[in-house]
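Q: There's a structure below that I have some questions on.
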Amino acid sequence: MTLLQGVFVVTALAAVISAVMVVASPRLVHAALWLVVTLGAVAVLFILLDAGFLAMVQVVIYIGAIAILIIFTVMLTRRVMADSGSQANRAWWLAVFIGVVMFAALLALLAQMPTWWQVTPPPLAASADFMVKDLGKSLVDLDRYVVPFEVASVLLLAALIGAIVLARPPAETAGKTGAE
Amino acid sequence: MIPLSWYLVLAAALFCIGLYGVLGRRNAVAILMGIELMLNAVNINLVAFWRYLTPALIAGQAFAIIVFAVAASEAAVGLALIISIYRQRSTVIAEEIDLMKW
Amino acid sequence: MITDPFTLVGDLLREFLIGLGLKAPEASGVIAFLGAGALATAVLVLCFLLIWAERKILARIQDRIGPNRVGPFGLLQTVADFAKLLTKEVVVPSGADKLLYFLAPPLAVMAVVGLWAVIPLAPNLVGTDINVALIYLISIGAIGTLAIMLAGWSSNNKYALLGAFRSVAMLISYEVPMVLALLVPTMLAGSMGTVAIVEAQRQMWFVVLAPLAAILFFTSSMAEAGKAPFDLLEAESEIVAGYNIEYSSMAFGMFFVGDFLHGFTLSALTVTLFFGGWLGPYVDQYSWLGLIYFLAKTAVVYFAVIWIRGTLPRLRIDQVNAFNWKFLVPLALSVVVVTAVADKAAATLGWDRTLALFVANGLLLLGTVIALQLYARSQRRRFERTSLAAAPAPAR
């Protein structure tokens with residue numbers, strides 16, 4: 001086993017174990033922090049895959065924004081969850097079953113592709129700096145991914161407006177605070 | 001070197017764990033966390049396929065970026081919804097948010 | 001005269017390690033490890049001096065003398081303070097989440113020391129020259145936010161949690177103008193690597209090409225560092241001591257160190273991105289001069305940080321957020337657009353780049369001032385109207 005494989009195995013184990021803790025931890029704040037560990041492990045995987053830019057973006061967006069938002073929400077709503085014991089619902093065994101079947105099905109699909117068990121990454125033709133530039137250009141290139149990019153930006157705008165609308169206090173309290 | 005399949009197995013495992021989180025948890029925030037896990041699994045796959053099969057095309061990375069955008073907007077709206085529901089009904093347990101159920 | 005001591009030391013060390021029987025990649029690994037340790041240690045030792053300097057300057061601003069008992073000029077005051085902190089009892093509040101409680105302080109220090117990894121100190125002297133250094137800066141900042149959140153939550157204390165909430169809300173908001181301001185040096189240099197950005201400033205410092213972006217970055221990173229006037233995460237009068245209220249002994253010391261170091265780090269970043277980093281006369285012949293230039297420039301900016309801290313009163317939480325969302329973010333967005341257009345126009349039309357960008361920034365500044373004036377006028381009119389209507393009839 002080479003050094004890289006060792007790094008991969010350790011990272012992958014960290015990711016899977018912390019992911020299990022995310023869905024199994026009874027305290028939601030702990031689950032959210034385990035989620036941070038998983039996201040960090042995925043960032044390390046991106047570095048192993050020569051996608052340093054994505055690794056950094058993963059940390060900025062997932063850990064810096066999404067995980068913090070989740071922790072925020074957990075803390076704002078924790079009064080209800082403090083007393084209730086189990087976090088799993090009545091059909092949790094069904095969920096486990098579906099998960100296991102899904103995993104088995106994916107592995108079976110993967111077994112159909114025996115070449116993928118050997119394929120190693122081809123050497124990258126371009127430097128890391130060029131790749132980041134190419135990534136940026138491809139997102140605004142009319143012949144490439146400008147349409148998904150624009151759709152994503154419209155989605156973000158819609159999410160922005162939606163979140164503001166949802167987070168506004170109801171009309172009567174809004175009137176009160178506005179008069180101050 | 002690391003074979004492609006290792007990444008795919010890991011991504012499949014993360015996806016299924018996330019799927020369990022979505023289906024088996026009671027708290028709406030926990031369900032969102034499951035969705036984040038699934039999206040991350042997808043991202044691992046996208047980047048791994050890009051690196052191993054089509055390194056000349058930047059498509060895998062470009063779509064991973066778009067998945068980031070989707071995840072961010074989903075978290076923003078989802079969490080705003082959860083807080084809004086919590087304000088109205090003081091619960092975040094998915095089973096108790098059943099006004100639309102007949 | 002030695003021209004490039006840093007490369008020389010590195011080469012000597014490498015030869016020594018190879019002489020010990022290590023292979024070349026292993027030797028590089030050991031050197032990288034040693035370098036990281038040396039950098040982190042140097043930065044933390046520097047902190048002793050910084051705390052002394054900050055207290056001394058603040059004292060002068062407030063017409064006091066400041067620390068003057070321990071050692072010459074009170075230089076050893078910080079050492080005495082830390083000895084005192086170390087001998088204190090480590091208190092864990094009841095109901096605290098022990099693991100997270102002790103995880104938060106080291107994370108807070110890490111989030112500051114980690115920033116130094118990508119700051120070029122001199123030619124050929126940089127922790128690591130990664131091509132996405134600017135995003136790395138932001139992502140390390142995210143870890144600092146997480147540390148504050150953890151500290152506030154795990155203490156099991158209302159004030160700590162409130163402090164954590166408001167500081168995290170502020171930090172996340174101020175990340176937006178900071179990222180937008182970082183886009184400007186990226187555009188001007190055509191790279192996100194800090195080394196490339198410093199090299200690109202050989203002709204002209206970016207503070208001339210993009211003065212507004214420099215001010216925006218400086219302001220928003222002041223907020224990121226929680227420096228006054230944005231230090232409401234530890235507003236004593238409102239929330240006692242904020243997120244670190246329950247911490248004592250060295251656990252508090254770590255937050256303290258991280259906080260002080262952050263001010264210096266943000267000055268170093270501002271210098272790197274906008275004031276030419278280690279650039280200066282004769283730096284190509286004698287690369288050790290670069291380190292001196294860098295530290296001198298950083299000291300000047302750091303003085304400005306302390307000056308602002310000693311002068312401005314603390315803002316209220318709603319003022320802080322309104323200032324960010326209603327002023328900094330729109331301004332940052334327009335700075336990005338104006339810089340992009342002016343740079344492209346100058347390149348295609350053959351104008352002088354420096355002049356074009358400077359004039360564009362000046363016009364934008366003029367527009368901002370006019371817009372602010374109009375806004376202030378309308379606010380004043382509104383205030384007069386409402387206060388006249390609401391005021392009781394004057395006594396006759």
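Residues are referred to by chain and number: the chain letter is A, B, ... according to the order shown in the structure tokens, the number counts from 1 in that chain, and ligands are numbered separately from 1 in the order shown.
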Neighbouring residues of Ser267 (chain C) were defined as those with any atom within 8 Å, considering only C-alpha atoms; residues of the same chain fewer than 5 positions away were excluded. Please report them as a ChimeraX atom specification.

A: /C:218,298-299,301-302,305

Q: Pull out every residue of chain C sitting within 10 Å of chain A, counting only C-alpha atoms, and send them as a PDB file with C-alpha atoms, in the first residue's frame.

A:
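Okay, this is what ended up in iface-v8.pdb:
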ATOM      1  CA  ASP C  97     -19.556  19.870  26.699  1.00  0.00           C
ATOM      2  CA  LEU C 100     -15.861  20.842  22.526  1.00  0.00           C
ATOM      3  CA  ILE C 130      -0.666  27.462  -3.493  1.00  0.00           C
ATOM      4  CA  ASN C 131      -2.567  28.787  -6.465  1.00  0.00           C
ATOM      5  CA  VAL C 132      -5.809  29.264  -4.508  1.00  0.00           C
ATOM      6  CA  ALA C 133      -4.286  31.083  -1.556  1.00  0.00           C
ATOM      7  CA  LEU C 134      -7.018  33.717  -1.340  1.00  0.00           C
ATOM      8  CA  ILE C 135      -9.759  31.117  -1.004  1.00  0.00           C
ATOM      9  CA  TYR C 136      -7.576  29.390   1.555  1.00  0.00           C
ATOM     10  CA  LEU C 137      -7.607  32.607   3.578  1.00  0.00           C
ATOM     11  CA  ILE C 138     -11.384  32.683   3.559  1.00  0.00           C
ATOM     12  CA  SER C 139     -11.684  29.021   4.440  1.00  0.00           C
ATOM     13  CA  ILE C 140      -9.338  29.388   7.400  1.00  0.00           C
ATOM     14  CA  GLY C 141     -11.482  32.305   8.511  1.00  0.00           C
ATOM     15  CA  ALA C 142     -14.464  29.949   8.446  1.00  0.00           C
ATOM     16  CA  ILE C 143     -12.694  27.714  10.964  1.00  0.00           C
ATOM     17  CA  GLY C 144     -12.276  30.699  13.271  1.00  0.00           C
ATOM     18  CA  THR C 145     -16.023  31.301  13.078  1.00  0.00           C
ATOM     19  CA  LEU C 146     -16.596  27.679  13.985  1.00  0.00           C
ATOM     20  CA  MET C 149     -19.510  29.043  17.837  1.00  0.00           C
ATOM     21  CA  LEU C 150     -18.140  26.015  19.671  1.00  0.00           C
ATOM     22  CA  TRP C 153     -22.219  26.768  22.829  1.00  0.00           C
ATOM     23  CA  SER C 154     -20.105  24.374  24.867  1.00  0.00           C
ATOM     24  CA  LEU C 161     -24.162  31.751  23.592  1.00  0.00           C
ATOM     25  CA  PHE C 165     -24.608  34.240  18.051  1.00  0.00           C
ATOM     26  CA  VAL C 168     -21.057  34.594  14.128  1.00  0.00           C
ATOM     27  CA  ALA C 169     -23.835  36.621  12.519  1.00  0.00           C
ATOM     28  CA  ILE C 172     -20.612  35.623   8.241  1.00  0.00           C
ATOM     29  CA  GLU C 175     -17.215  37.728   4.829  1.00  0.00           C
ATOM     30  CA  GLY C 190      -4.638  37.441 -12.781  1.00  0.00           C
ATOM     31  CA  SER C 191      -3.980  34.905 -10.057  1.00  0.00           C
ATOM     32  CA  MET C 192      -5.235  33.862  -6.649  1.00  0.00           C
ATOM     33  CA  GLY C 193      -1.762  32.996  -5.363  1.00  0.00           C
TER      34      GLY C 193
END

Q: Quick one: residues within 6 Å of region 17-34 of chain B, only C-alpha atoms, excluding same-chain residues fewer than 4 positions away - as a ChimeraX atom specification?

A: /A:23,87-89,92,95-96,99 /B:38,92-94

Q: Write down as a PyMOL selection string the residues of region 80-318 of chain C whose backbone DSSP state falls under helix (DSSP H, G or I).

A: chain C and resi 80-87+98-118+133-154+158-189+194-200+206-209+211-224+232-234+236-239+242-244+249-274+288-311+317-318

Q: Neighbouring residues of Val42 (chain B) were defined as those with any atom within 12 Å, considering only C-alpha atoms; residues of the same chain fewer than 4 positions away were excluded. Please report them as number ranges by chain.

A: A: 42; B: 7-16, 18, 35-38, 46-49, 60-61, 63-68, 71

Q: In Å, how far is it from CA of Ala53 (chain C) to CA of Thr78 (chain C)?

A: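 The value is 10.2 Å.
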
Q: Please, what distance in Å, to one decimal, runs between CA of Tyr243 (chain C) and CA of Ile148 (chain C)?

A: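 It comes out at 6.6 Å.
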